[in-house]
Each structure stands twice: as C-alpha cells, then as structure tokens.
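Q: Contents of my_file.txt (compact mmCIF, C-alpha atoms) are given next:
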# COMPACT_ATOMS: atom_id res chain seq x y z
CA MET A 174 -32.81 -47.65 79.36
CA GLU A 175 -35.97 -49.49 78.42
CA LYS A 176 -35.60 -48.31 74.83
CA TYR A 177 -31.98 -49.34 74.75
CA VAL A 178 -32.81 -52.82 76.07
CA GLN A 179 -35.32 -53.08 73.23
CA GLY A 180 -32.57 -52.27 70.75
CA ASP A 181 -32.74 -48.48 70.29
CA GLN A 182 -29.12 -47.44 69.67
CA GLU A 183 -29.91 -43.73 69.88
CA ALA A 184 -31.15 -44.36 73.43
CA PHE A 185 -27.67 -45.72 74.25
CA ARG A 186 -26.09 -42.52 72.93
CA ILE A 187 -28.42 -40.46 75.12
CA LEU A 188 -27.52 -42.55 78.18
CA PHE A 189 -23.86 -42.14 77.39
CA ALA A 190 -24.17 -38.38 76.97
CA ARG A 191 -26.00 -38.15 80.28
CA TYR A 192 -23.78 -40.30 82.47
CA ALA A 193 -20.33 -40.42 80.88
CA PRO A 194 -19.30 -36.93 82.09
CA VAL A 195 -20.28 -37.77 85.67
CA LEU A 196 -18.41 -41.05 85.51
CA MET A 197 -15.39 -39.32 83.99
CA GLY A 198 -15.32 -36.91 86.90
CA MET A 199 -15.54 -39.73 89.41
CA MET A 200 -12.85 -41.79 87.71
CA SER A 201 -10.53 -38.83 87.17
CA ARG A 202 -10.63 -37.96 90.86
CA ARG A 203 -9.69 -41.49 91.79
CA LEU A 204 -7.19 -42.38 89.11
CA HIS A 205 -5.21 -39.18 88.41
CA SER A 206 -4.86 -40.37 84.81
CA GLU A 207 -7.14 -39.13 82.07
CA ALA A 208 -6.37 -42.14 79.86
CA GLU A 209 -7.16 -44.63 82.60
CA ALA A 210 -10.34 -42.76 83.49
CA ARG A 211 -11.50 -42.84 79.87
CA ASP A 212 -10.68 -46.53 79.66
CA LEU A 213 -12.73 -47.34 82.75
CA VAL A 214 -15.65 -45.20 81.59
CA GLN A 215 -15.58 -47.10 78.29
CA GLN A 216 -15.42 -50.42 80.18
CA THR A 217 -18.35 -49.34 82.36
CA PHE A 218 -20.59 -48.75 79.37
CA LEU A 219 -19.34 -51.93 77.71
CA GLN A 220 -20.38 -53.84 80.82
CA LEU A 221 -23.71 -52.00 80.76
CA HIS A 222 -24.18 -53.19 77.20
CA ARG A 223 -23.30 -56.78 78.10
CA ALA A 224 -25.49 -56.73 81.21
CA ARG A 225 -28.44 -54.82 79.71
CA LEU A 226 -30.76 -57.81 80.09
CA ASP A 227 -29.94 -58.00 83.81
CA PHE A 228 -31.31 -54.50 84.35
CA LYS A 229 -34.72 -54.36 86.06
CA LEU A 230 -36.69 -51.65 84.31
CA ASP A 231 -38.40 -50.49 87.50
CA CYS A 232 -35.03 -49.70 89.13
CA ALA A 233 -32.92 -46.56 88.83
CA LEU A 234 -30.10 -46.71 86.30
CA LYS A 235 -27.63 -44.44 88.10
CA PRO A 236 -26.88 -46.78 91.07
CA TYR A 237 -26.72 -49.70 88.62
CA LEU A 238 -24.18 -47.89 86.50
CA PHE A 239 -22.17 -46.58 89.43
CA THR A 240 -21.93 -50.01 91.05
CA ILE A 241 -20.48 -51.33 87.80
CA ALA A 242 -18.04 -48.42 87.72
CA MET A 243 -16.99 -48.94 91.35
CA ASN A 244 -16.45 -52.66 90.77
CA LEU A 245 -14.24 -51.92 87.76
CA LEU A 246 -12.35 -49.32 89.76
CA ARG A 247 -11.72 -51.74 92.63
CA ALA A 248 -10.56 -54.40 90.19
CA ARG A 249 -8.19 -51.92 88.55
CA HIS A 250 -6.70 -50.92 91.90
CA ARG A 251 -6.39 -54.56 92.98
CA ALA A 252 -4.55 -55.31 89.78
CA LYS A 253 -2.21 -52.42 90.47
CA GLY A 254 -1.85 -53.34 94.12
CA ARG A 255 -2.75 -49.99 95.58
CA ARG A 256 -5.64 -48.32 97.34
CA PRO A 257 -7.89 -45.91 95.49
CA GLU A 258 -7.14 -42.24 96.10
CA LEU A 259 -9.33 -39.22 95.82
CA SER A 260 -7.95 -35.91 94.60
CA LEU A 261 -9.31 -32.93 96.45
CA GLU A 262 -6.97 -30.23 95.20
CA PRO A 263 -9.21 -27.45 93.96
CA VAL A 264 -6.49 -25.12 92.64
CA GLU A 265 -3.24 -25.09 90.74
CA LEU A 266 -0.74 -24.40 93.53
CA ASN A 267 1.87 -23.38 90.96
CA ASN A 268 -0.22 -20.37 90.00
CA LEU A 269 0.48 -18.76 93.39
CA HIS A 270 3.80 -17.44 92.12
CA ASP A 271 2.10 -15.63 89.24
CA ALA A 272 -0.29 -13.63 91.44
CA GLN A 273 0.07 -9.94 90.54
CA SER A 274 -2.08 -8.01 93.00
CA ALA A 275 -2.65 -8.20 96.76
CA GLN A 276 -6.21 -9.12 95.97
CA ASP A 277 -4.99 -11.90 93.72
CA ARG A 278 -2.47 -13.01 96.36
CA SER A 279 -5.16 -12.87 99.04
CA ALA A 280 -7.51 -14.91 96.90
CA GLN A 281 -4.69 -17.30 96.03
CA LEU A 282 -3.76 -17.59 99.70
CA GLU A 283 -7.35 -18.42 100.58
CA GLN A 284 -7.28 -21.01 97.87
CA LEU A 285 -3.94 -22.29 99.14
CA GLU A 286 -5.35 -22.59 102.67
CA GLY A 287 -8.29 -24.39 101.11
CA ALA A 288 -5.84 -26.58 99.25
CA GLU A 289 -3.95 -27.29 102.47
CA LEU A 290 -7.20 -28.19 104.17
CA ALA A 291 -8.13 -30.28 101.17
CA GLY A 292 -4.80 -32.06 101.49
CA ARG A 293 -5.41 -32.77 105.17
CA VAL A 294 -8.91 -34.03 104.44
CA ARG A 295 -7.56 -36.22 101.66
CA ALA A 296 -4.90 -37.66 103.96
CA ALA A 297 -7.51 -38.27 106.66
CA VAL A 298 -9.91 -39.97 104.24
CA LYS A 299 -7.11 -42.28 103.12
CA THR A 300 -6.70 -43.55 106.66
CA LEU A 301 -10.33 -44.68 106.90
CA PRO A 302 -11.23 -48.36 106.50
CA GLN A 303 -12.27 -49.11 102.93
CA ASP A 304 -15.99 -49.52 103.66
CA GLN A 305 -16.16 -46.15 105.45
CA ARG A 306 -13.99 -44.44 102.83
CA GLU A 307 -16.19 -45.60 99.94
CA VAL A 308 -19.37 -44.41 101.66
CA ILE A 309 -17.91 -41.00 102.47
CA GLU A 310 -16.49 -40.54 98.98
CA LEU A 311 -19.85 -41.29 97.42
CA HIS A 312 -21.96 -39.38 99.95
CA TRP A 313 -19.80 -36.32 100.56
CA PHE A 314 -17.66 -35.86 97.48
CA GLU A 315 -20.11 -37.24 94.92
CA ASP A 316 -23.10 -35.79 96.76
CA ARG A 317 -25.16 -38.96 96.49
CA PRO A 318 -28.06 -39.73 98.84
CA PHE A 319 -27.55 -42.59 101.27
CA ARG A 320 -30.09 -44.78 99.51
CA GLU A 321 -28.10 -44.55 96.29
CA VAL A 322 -24.82 -45.12 98.12
CA ALA A 323 -26.33 -48.27 99.64
CA ASN A 324 -27.21 -49.56 96.17
CA VAL A 325 -23.74 -48.81 94.82
CA VAL A 326 -21.74 -50.40 97.62
CA GLY A 327 -24.12 -53.32 98.02
CA ALA A 328 -25.03 -52.78 101.68
CA SER A 329 -28.23 -52.00 103.54
CA LEU A 330 -29.26 -48.41 104.13
CA SER A 331 -28.72 -48.71 107.87
CA ALA A 332 -25.27 -50.23 107.40
CA VAL A 333 -24.29 -47.38 105.08
CA LYS A 334 -25.47 -44.80 107.59
CA VAL A 335 -23.52 -46.49 110.35
CA ARG A 336 -20.38 -46.53 108.21
CA ALA A 337 -20.86 -42.87 107.32
CA HIS A 338 -21.43 -41.94 110.97
CA ARG A 339 -18.27 -43.73 112.07
CA GLY A 340 -16.27 -42.36 109.15
CA TYR A 341 -17.34 -38.75 109.72
CA ASN A 342 -16.63 -39.04 113.45
CA ARG A 343 -13.20 -40.36 112.71
CA LEU A 344 -12.56 -37.59 110.20
CA ARG A 345 -13.66 -34.96 112.72
CA GLY A 346 -11.25 -36.38 115.25
CA LEU A 347 -8.39 -36.47 112.77
CA LEU A 348 -8.99 -32.96 111.46
CA LYS A 349 -9.22 -31.44 114.93
CA GLU A 350 -5.59 -32.40 115.55
CA THR A 351 -2.97 -29.70 115.00
CA PRO A 352 -1.95 -29.79 111.32
CA GLU A 353 1.67 -30.59 110.51
CA THR A 354 3.69 -27.67 109.24
CA ALA A 355 5.15 -27.97 105.73
CA MET B 203 -28.57 -30.89 64.25
CA SER B 204 -26.60 -34.06 64.97
CA ALA B 205 -24.55 -34.39 68.15
CA PRO B 206 -20.82 -33.55 67.91
CA PRO B 207 -18.59 -36.59 67.50
CA ASP B 208 -17.34 -38.05 70.74
CA PRO B 209 -14.17 -40.14 70.34
CA LEU B 210 -14.87 -42.04 73.56
CA PHE B 211 -18.36 -42.98 72.41
CA ASP B 212 -17.05 -43.89 68.95
CA ALA B 213 -14.42 -46.16 70.52
CA LEU B 214 -17.11 -47.74 72.67
CA GLN B 215 -19.37 -48.32 69.65
CA ALA B 216 -16.47 -49.90 67.77
CA GLN B 217 -15.79 -52.23 70.70
CA ILE B 218 -19.47 -53.18 70.90
CA ALA B 219 -19.61 -53.76 67.14
CA ARG B 220 -16.75 -56.27 67.44
CA GLU B 221 -18.83 -58.33 69.88
CA ARG B 222 -20.77 -60.74 67.77
CA GLY B 223 -21.31 -64.47 67.48
CA PRO B 224 -22.22 -67.11 70.08
CA SER B 225 -19.74 -65.80 72.64
CA ALA B 226 -21.23 -62.31 72.66
CA TRP B 227 -24.75 -63.74 72.73
CA LEU B 228 -23.93 -65.89 75.76
CA LYS B 229 -22.27 -63.00 77.63
CA SER B 230 -25.28 -60.78 77.11
CA ARG B 231 -27.82 -63.26 78.46
CA PRO B 232 -29.39 -62.43 81.83
CA THR B 233 -27.39 -63.80 84.74
CA TRP B 234 -30.05 -66.37 85.63
CA MET B 235 -29.73 -67.79 82.12
CA ARG B 236 -25.92 -67.82 82.25
CA LEU B 237 -26.16 -69.75 85.52
CA ALA B 238 -28.64 -72.15 83.96
CA PHE B 239 -26.25 -72.85 81.07
CA ALA B 240 -23.42 -73.58 83.49
CA VAL B 241 -25.63 -75.83 85.64
CA ALA B 242 -26.80 -77.70 82.55
CA ALA B 243 -23.20 -78.28 81.46
CA ILE B 244 -22.23 -79.62 84.89
CA ILE B 245 -25.25 -81.92 85.04
CA GLY B 246 -24.53 -83.09 81.51
CA VAL B 247 -20.95 -83.98 82.31
CA VAL B 248 -21.81 -85.83 85.51
CA LEU B 249 -24.67 -87.73 83.87
CA PHE B 250 -22.39 -88.66 80.98
CA ALA B 251 -19.91 -90.21 83.41
CA MET B 252 -22.72 -91.94 85.35
CA LEU B 253 -24.50 -93.37 82.33
CA VAL B 254 -21.64 -94.20 80.00
CA VAL B 255 -19.48 -95.98 82.59
CA PRO B 256 -21.39 -96.05 85.87
CA ARG B 257 -19.68 -96.80 89.15
CA ALA B 258 -19.46 -100.57 89.50
CA ASP B 259 -19.81 -100.62 93.30
CA LEU B 260 -22.82 -98.32 93.53
CA SER B 261 -24.93 -100.89 95.35
CA GLU B 262 -22.20 -101.59 97.94
CA PHE B 263 -20.94 -98.06 98.52
CA PRO B 264 -22.39 -96.58 101.75
CA ARG B 265 -25.40 -94.47 100.85
CA ASP B 266 -24.90 -91.93 103.60
CA ARG B 267 -21.34 -91.29 102.47
CA MET B 268 -22.46 -91.00 98.85
CA ALA B 269 -25.23 -88.58 99.84
CA SER B 270 -22.99 -86.42 102.00
CA THR B 271 -20.32 -86.23 99.28
CA VAL B 272 -22.89 -85.33 96.62
CA VAL B 273 -24.45 -82.65 98.83
CA LEU B 274 -21.03 -81.19 99.61
CA LEU B 275 -20.12 -81.08 95.91
CA LEU B 276 -23.44 -79.47 95.00
CA VAL B 277 -22.98 -76.76 97.64
CA LEU B 278 -19.41 -76.03 96.53
CA LEU B 279 -20.43 -75.98 92.86
CA SER B 280 -23.30 -73.59 93.64
CA LEU B 281 -20.93 -71.19 95.38
CA SER B 282 -18.42 -71.41 92.52
CA LEU B 283 -21.10 -70.49 90.00
CA HIS B 284 -22.59 -67.81 92.26
CA TYR B 285 -19.29 -65.94 92.49
CA GLY B 286 -17.87 -66.88 89.11
CA LEU B 287 -20.85 -65.60 87.12
CA ARG B 288 -21.78 -62.77 89.45
CA ALA B 289 -23.63 -59.88 87.86
CA MET B 290 -21.65 -56.65 87.62
CA HIS B 291 -24.26 -54.53 89.31
CA ARG B 292 -23.73 -56.47 92.53
CA LYS B 293 -20.78 -55.60 94.69
CA ALA B 294 -17.81 -57.68 93.60
CA PRO B 295 -16.47 -60.23 96.07
CA PRO B 296 -13.19 -59.19 97.73
CA GLY B 297 -10.02 -60.20 95.96
CA TRP B 298 -8.91 -62.62 98.65
CA LEU B 299 -12.15 -64.62 98.44
CA SER B 300 -11.32 -66.49 95.24
CA ARG B 301 -8.03 -67.88 96.59
CA THR B 302 -9.46 -68.59 100.05
CA PHE B 303 -12.44 -70.34 98.53
CA ALA B 304 -10.25 -72.37 96.15
CA PHE B 305 -8.00 -73.58 98.96
CA GLY B 306 -11.02 -74.25 101.14
CA VAL B 307 -12.57 -76.41 98.43
CA LEU B 308 -9.30 -78.29 97.99
CA GLY B 309 -9.11 -78.86 101.73
CA LEU B 310 -12.65 -80.20 101.86
CA LEU B 311 -12.01 -82.56 98.94
CA LEU B 312 -8.88 -83.86 100.65
CA LEU B 313 -10.86 -84.48 103.82
CA THR B 314 -13.51 -86.29 101.80
CA VAL B 315 -10.94 -88.44 100.08
CA LEU B 316 -8.98 -89.27 103.23
CA ASN B 317 -12.06 -89.89 105.37
CA PRO B 318 -11.79 -93.56 106.47
CA LEU B 319 -14.30 -95.91 104.91
CA SER B 320 -17.06 -97.34 107.08
CA TYR B 321 -17.15 -100.60 105.14
CA GLN B 322 -14.67 -103.11 103.78
CA PRO B 323 -14.49 -102.77 99.99
CA PRO B 324 -13.20 -105.53 97.70
CA THR B 325 -9.39 -105.71 97.65
CA LYS B 326 -9.15 -104.82 93.99
CA LEU B 327 -10.73 -101.42 94.73
CA LEU B 328 -7.92 -100.71 97.18
CA ASP B 329 -5.17 -101.52 94.69
CA HIS B 330 -3.80 -98.14 93.69
CA GLY B 331 -1.03 -99.67 91.58
CA PHE B 332 2.63 -98.64 91.58
CA LEU B 333 2.94 -95.29 93.36
CA GLY B 334 -0.74 -94.67 92.64
CA LEU B 335 0.07 -94.08 88.99
CA THR B 336 -3.16 -95.77 87.89
CA GLY B 337 -4.75 -92.58 89.15
CA LEU B 338 -3.19 -90.65 86.28
CA ARG B 339 -5.75 -92.17 83.93
CA CYS B 340 -8.51 -90.83 86.14
CA LEU B 341 -6.72 -87.48 86.36
CA ALA B 342 -6.70 -87.20 82.59
CA PHE B 343 -10.34 -88.28 82.35
CA GLY B 344 -11.39 -85.87 85.10
CA CYS B 345 -9.60 -82.95 83.46
CA ALA B 346 -11.20 -83.80 80.12
CA LEU B 347 -14.62 -83.86 81.78
CA GLY B 348 -14.06 -80.56 83.60
CA LEU B 349 -12.68 -78.74 80.59
CA PRO B 350 -16.03 -78.03 78.88
CA VAL B 351 -17.31 -76.49 82.11
CA TYR B 352 -14.22 -74.29 82.41
CA ALA B 353 -14.47 -73.22 78.77
CA LEU B 354 -18.18 -72.43 79.06
CA MET B 355 -17.71 -70.40 82.24
CA ARG B 356 -14.95 -68.37 80.59
CA VAL B 357 -17.23 -67.64 77.65
CA LEU B 358 -20.13 -66.72 79.95
CA ASP B 359 -17.87 -64.42 81.99
CA ARG B 360 -18.36 -60.79 81.04
CA GLY B 361 -14.77 -59.93 81.81
CA ALA B 362 -15.26 -57.62 84.74
CA PHE B 363 -13.82 -59.60 87.64
CA PRO B 364 -10.26 -60.86 87.24
CA GLU B 365 -10.95 -63.51 89.89
CA ALA B 366 -13.66 -65.12 87.76
CA ALA B 367 -11.07 -67.45 86.20
CA THR B 368 -10.27 -68.94 89.61
CA PHE B 369 -13.94 -69.61 90.30
CA ALA B 370 -14.26 -71.17 86.84
CA ALA B 371 -11.28 -73.43 87.58
CA THR B 372 -12.85 -74.40 90.91
CA ALA B 373 -16.15 -75.26 89.22
CA ALA B 374 -14.35 -77.26 86.51
CA GLY B 375 -12.25 -79.15 89.05
CA LEU B 376 -15.32 -79.92 91.17
CA THR B 377 -17.19 -81.13 88.08
CA GLY B 378 -14.33 -83.43 87.15
CA PHE B 379 -14.16 -84.75 90.71
CA PHE B 380 -17.94 -85.22 90.83
CA ALA B 381 -17.98 -87.10 87.53
CA LEU B 382 -15.12 -89.35 88.65
CA HIS B 383 -16.86 -90.00 91.95
CA MET B 384 -19.92 -91.28 90.05
CA HIS B 385 -17.81 -93.34 87.66
CA CYS B 386 -14.70 -94.69 89.34
CA PRO B 387 -15.14 -97.36 92.07
CA MET B 388 -11.55 -97.15 93.34
CA VAL B 389 -11.40 -96.15 96.99
CA ALA B 390 -7.65 -96.38 97.63
CA PRO B 391 -6.68 -93.02 99.20
CA LEU B 392 -3.57 -92.62 97.03
CA HIS B 393 -5.63 -93.21 93.90
CA LEU B 394 -8.25 -90.71 95.03
CA LEU B 395 -5.57 -88.13 95.84
CA LEU B 396 -3.58 -88.44 92.61
CA GLY B 397 -6.45 -89.24 90.29
CA HIS B 398 -9.52 -87.44 91.60
CA ALA B 399 -8.63 -84.55 93.94
CA ALA B 400 -5.70 -83.65 91.71
CA VAL B 401 -8.17 -82.63 88.97
CA LEU B 402 -8.84 -79.48 91.00
CA LEU B 403 -5.10 -78.85 91.38
CA ALA B 404 -4.63 -79.26 87.63
CA PHE B 405 -7.17 -76.55 86.87
CA PHE B 406 -5.68 -74.24 89.52
CA ALA B 407 -2.23 -74.76 88.02
CA PHE B 408 -3.59 -73.93 84.56
CA VAL B 409 -5.13 -70.66 85.75
CA TRP B 410 -2.00 -69.75 87.72
CA VAL B 411 0.28 -70.31 84.72
CA ARG B 412 -2.10 -68.43 82.42
CA ASP B 413 -2.25 -65.45 84.80
CA ARG B 414 1.53 -65.21 84.98
CA HIS B 415 1.69 -64.93 81.19
Starting from the file, give its structure as structure tokens.
A:
Amino acid sequence: MEKYVQGDQEAFRILFARYAPVLMGMMSRRLHSEAEARDLVQQTFLQLHRARLDFKLDCALKPYLFTIAMNLLRARHRAKGRRPELSLEPVELNNLHDAQSAQDRSAQLEQLEGAELAGRVRAAVKTLPQDQREVIELHWFEDRPFREVANVVGASLSAVKVRAHRGYNRLRGLLKETPETA
Amino acid sequence: MSAPPDPLFDALQAQIARERGPSAWLKSRPTWMRLAFAVAAIIGVVLFAMLVVPRADLSEFPRDRMASTVVLLLVLLSLSLHYGLRAMHRKAPPGWLSRTFAFGVLGLLLLTVLNPLSYQPPTKLLDHGFLGLTGLRCLAFGCALGLPVYALMRVLDRGAFPEAATFAATAAGLTGFFALHMHCPMVAPLHLLLGHAAVLLAFFAFVWVRDRH
C-alpha cells in the first residue's frame, strides 16, 4: 500500500489480485448477483484509489478495505430498500434428482440436510438486529478476528464482542426450536 | 511472465484513468485537507458578506444573542462538514441521519429567527414590506452565497454516500444564513423566515428535486 500511495501502479495491481477475490466472495454471498458484486468490488477499489492519502501506513489494509466495501454494500441496500442477505446454500439442490447410486444419494441427502440447516441458519441470521447480524457475518462466515470486525464496523472491541455474544445466544435459541417441515 | 488479463481490473483502471483534473485532485486529497477547503470556503463567504456590506446595526444588536447564534451556526456547520465529507474507511452514518439532521437544523434556525428580541430595534428594521416579499432579495442573495459551498462540497465528495448531497445542502444553507445574519440588519420575523431561513429550504428543495430525477 505504501508503494501504491507513492505512485507505484504495479503495487495497485498486486493489491487488487490479493483482495479482489475475497471481496468478490463477500459481495456475491450478500448480493446474489455476479454483476452487482463485480460493480461493488470495482467501486471499492475506486474508493481506495480516491482515499489512498487517507490511509495510515502503520495500519492494516484489510479492515480499511472491508470497511469501505461494507459501507458501499449498505448504501446499495439502502438505495434498493432492502436488508442485506447472506447466502449459505452450499450445494445445488437440483442435483439431488440426478444422484445415481445409494452412496451418491446418501451424500446428497447429507448435503441436503446441511442445506436445510443452512437455510434455517440463514433465516435465523436474518432476524437478528443489524449490528449483531453484521458482526456474526464477518466473524463466523468471513472468519475474521474480532479486532478486525471492530475496525470494519466502526465499534470498539468490547462492543463487538457483546454484539457477537448476544447474536450467537439468540441464534442458539432460534435453532434449538423444532424446524418447520417443508 | 505477465499476469493474465483481468476484465474487472481493466475496467477499474479505465475508470481511474478518466479521473483527472481539479475535481479528481480535490477528491483524492486527505480528508483533513478536504475539510479545510470547505471551511475556508465558508469563512470566505461569510467574511465577504461581513466586509462588503456589513450589518448596519452591529453596534446595537445584543452581543449575547449574536454570540449564541454564531456559536450555534458554527456547531451545525461543523457537523454538516463532519458527516458530509466523512472518510469512507469510517462507518457510514445511518441513512435516516441526513434527513433527521436537516430537519433538526431547520427547526433550530426557525427557533433562532422567531426568538423574541431582547431590545427595541429601529422601526425600519421591523418593516418586512408587503407580505414579507422584501425578504426575497435576501433569499436570492443567500442562495447565491451558499452555492459555492454546495458546489465545492459536491466536488470534494468521493461519491460513496448518497446522503452526502443532503449534508452539502445543509452546509450551503447554513452558510447562506450565516452570511445574511452578518450582513442584513432586518429583524422582522417574516423577513427572517422568508429571506434568511428559507435559504436552507431552497437548498433542500434543490437536492430533493435532483434526487427524484
């Protein structure tokens, strides 16, 4: 980042190569549209370019970049008038019909049960207040440490931990309830 | 071996290459510098109004009221700039804040304007003319004074927060009001409502119409 701030364009390409795939994954899970995800990733790096002189060289770039991305994502959802969603479906449910062997069907069924669980978790996460939902999405689904989550969401470390604690407790309570049958 | 082409990166580079000129330079300044430019513009506008045509009743106008009004305007302007030029790596303010803040500022200006005077001004300063229409001249002057601040804040904005335009309008309206307060000696409430406080409404209306199109 220091080299890029000093004008090294190749450094910008390296940063892009390093972080764009991670951002694409994050955006794709929340937007369900490849085109929108690509647009927001492009906007994130454009904002990074515009704000390069705001970056403190002794700070980590990843939380800086992810805060920009989250702000753009929130703005996009506000403009569309809906809450951000997170896709947790790990498998193509349609493929279940094409399973040939019992082993395949068993594996597919396990994946389907996982998909059902993923659906329940997704529905439960959606019911959380926004501040708890954001922390859990970043900490659990994006596997980010709490310190980084605090930087991204703009809260103190202790506040983030409290939100996570409350969010996880609420999720546990929701997921312990009997699941609805399809 | 060179890296394989990446269409997304190429599109990004093309977008960055299109950003040139004074506008791009201003957007890419550090946030403290962008704030400094906006503050300088506001001070310049207010000083212009004070020095070119200073308020004729400055020696008679109650000092405590002048001080409290100036302090209030400075606080509101600071908040407008703080949110309007906020750096992208800080958590964005919630969407409702821009409208709530704008209406709050308008409410405070109305209270300021309608607050009864603690002294008896000359009669001519209470003459708001037919239906307060003499205030329209002040409205036009106030909007003209606020416009450079609005334009500068839109140029300084990096385009990440859609609500930035509302904060820019608030800052421009406050600047126009501030400049009029240091220039115009009229204290008739109707004149102050239609000619001074309405500057803020004019900028809000402009942003509202622009957003709808």
Q: Could you tell me which of A:Glu175, A:Val308, A:Arg211, A:Gln182 comes closest to A:Ser329 if we count all atoms listed in the file?
A: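 Result for the nearest residue to A:Ser329: A:Val308.
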Q: Which residues are near stretch 234-240 of chain B? Cut-off 8 Å, only C-alpha atoms, ignore same chain within fewer than 5 positions. Put them as a PyMOL selection string.
A: chain B and resi 228-229+283-284+287+351+354-355+358
Q: Taking only C-alpha atoms into account and nothing else, which residues of chain A lie no more than 8 Å away from chain B? Please answer as an NGL selection string.
A: :A and (186 or 189 or 211 or 215 or 218-220 or 222-227 or 237-238 or 240-241 or 244-245 or 248 or 251 or 325-327)
Q: Which distance in Å separates atom CA of B:Thr372 and atom CA of B:Leu279, to one decimal?
A: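 It comes out at 8.0 Å.
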Q: Record the distance separating atom CA of B:Phe406 and atom CA of B:Leu275, expressed in Å with one decimal.
A: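 We find that atom CA of B:Phe406 and atom CA of B:Leu275 lie 17.2 Å from each other.
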Q: At a cut-off of 10 Å, using all atoms listed in the file, what residues contact B:Leu347? Leave out same-chain residues fewer than 2 positions from it and give the result as an NGL selection string.
A: :B and (244 or 246-248 or 250-251 or 341-345 or 349-352 or 374-375 or 377-382 or 401)
Q: What lies within 8 Å of B:Ser282 using only C-alpha atoms, ignoring chain neighbours under 2 positions off, as a list in words?
A: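 Residues meeting the cut-off are Leu278, Leu279, Ser280, His284, Tyr285, Gly286, Phe369, Ala370, Thr372 and Ala373 of chain B.
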Q: Leaving out stretch 301-315 of chain B and any residue of its chain fewer than 3 positions from it, which residues lie within 7 Å of it when counting only C-alpha atoms, given as a PDB file with C-alpha atoms, in the frame of the given file?
A:
ATOM      1  CA  TRP B 298      -8.910 -62.620  98.650  1.00  0.00           C
ATOM      2  CA  THR B 372     -12.850 -74.400  90.910  1.00  0.00           C
ATOM      3  CA  PRO B 391      -6.680 -93.020  99.200  1.00  0.00           C
ATOM      4  CA  LEU B 394      -8.250 -90.710  95.030  1.00  0.00           C
ATOM      5  CA  LEU B 395      -5.570 -88.130  95.840  1.00  0.00           C
ATOM      6  CA  ALA B 399      -8.630 -84.550  93.940  1.00  0.00           C
TER       7      ALA B 399
END
Q: Dump as a ChimeraX atom specification all residues having an atom at most 10 Å from (-13.8, -37.4, 101.3), computed in the file's coordinates with all atoms listed in the file.
A: /A:258-261,291,294-299,301,305-315,340-341,344
Q: Do you know which residues are at most 7 Å from stretch 253-256 of chain B counting only C-alpha atoms, after dropping those on the same chain fewer than 4 positions away, and could you put them as a PyMOL selection string?
A: chain B and resi 249+384-385
Q: Using the selection just defined, write its residues with C-alpha atoms as a PDB file, in the coordinates of the input.
A:
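Written output follows (selection17.pdb):
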ATOM      1  CA  LEU B 249     -24.670 -87.730  83.870  1.00  0.00           C
ATOM      2  CA  MET B 384     -19.920 -91.280  90.050  1.00  0.00           C
ATOM      3  CA  HIS B 385     -17.810 -93.340  87.660  1.00  0.00           C
TER       4      HIS B 385
END
Q: Kindly provide, as lines of an AutoDock Vina configuration file, the centre and edge lengths (Å, one decimal) of an axis-aligned box around all atoms of stretch 328-341 of chain A given in the file, with 5 Å on each side.
A:
center_x = -22.8
center_y = -45.8
center_z = 106.9
size_x = 23.0
size_y = 24.0
size_z = 20.4
Q: Will you model N, CA, C and O atoms for stretch 236-248 of chain A and pass it back as a compact mmCIF listing (two decimals), keeping the file's coordinate frame?
A:
# COMPACT_ATOMS: atom_id res chain seq x y z
N PRO A 236 -27.61 -45.89 90.15
CA PRO A 236 -26.88 -46.78 91.07
C PRO A 236 -26.37 -48.02 90.37
O PRO A 236 -25.28 -48.53 90.70
N TYR A 237 -27.12 -48.53 89.41
CA TYR A 237 -26.72 -49.70 88.62
C TYR A 237 -25.40 -49.41 87.92
O TYR A 237 -24.43 -50.16 88.02
N LEU A 238 -25.36 -48.27 87.26
CA LEU A 238 -24.18 -47.89 86.50
C LEU A 238 -22.99 -47.60 87.43
O LEU A 238 -21.85 -48.00 87.15
N PHE A 239 -23.26 -46.94 88.53
CA PHE A 239 -22.17 -46.58 89.43
C PHE A 239 -21.62 -47.79 90.17
O PHE A 239 -20.43 -47.83 90.50
N THR A 240 -22.45 -48.78 90.43
CA THR A 240 -21.93 -50.01 91.05
C THR A 240 -20.98 -50.70 90.08
O THR A 240 -19.91 -51.19 90.48
N ILE A 241 -21.37 -50.74 88.80
CA ILE A 241 -20.48 -51.33 87.80
C ILE A 241 -19.16 -50.57 87.77
O ILE A 241 -18.07 -51.17 87.76
N ALA A 242 -19.26 -49.25 87.78
CA ALA A 242 -18.04 -48.42 87.72
C ALA A 242 -17.16 -48.66 88.94
O ALA A 242 -15.93 -48.79 88.82
N MET A 243 -17.77 -48.73 90.11
CA MET A 243 -16.99 -48.94 91.35
C MET A 243 -16.33 -50.32 91.33
O MET A 243 -15.18 -50.48 91.76
N ASN A 244 -17.04 -51.32 90.84
CA ASN A 244 -16.45 -52.66 90.77
C ASN A 244 -15.25 -52.67 89.83
O ASN A 244 -14.22 -53.29 90.13
N LEU A 245 -15.36 -51.99 88.70
CA LEU A 245 -14.24 -51.92 87.76
C LEU A 245 -13.07 -51.16 88.38
O LEU A 245 -11.90 -51.54 88.21
N LEU A 246 -13.40 -50.11 89.11
CA LEU A 246 -12.35 -49.32 89.76
C LEU A 246 -11.61 -50.15 90.80
O LEU A 246 -10.37 -50.14 90.86
N ARG A 247 -12.36 -50.89 91.61
CA ARG A 247 -11.72 -51.74 92.63
C ARG A 247 -10.85 -52.79 91.96
O ARG A 247 -9.73 -53.06 92.42
N ALA A 248 -11.35 -53.38 90.88
CA ALA A 248 -10.56 -54.40 90.19
C ALA A 248 -9.28 -53.80 89.63
O ALA A 248 -8.21 -54.41 89.69
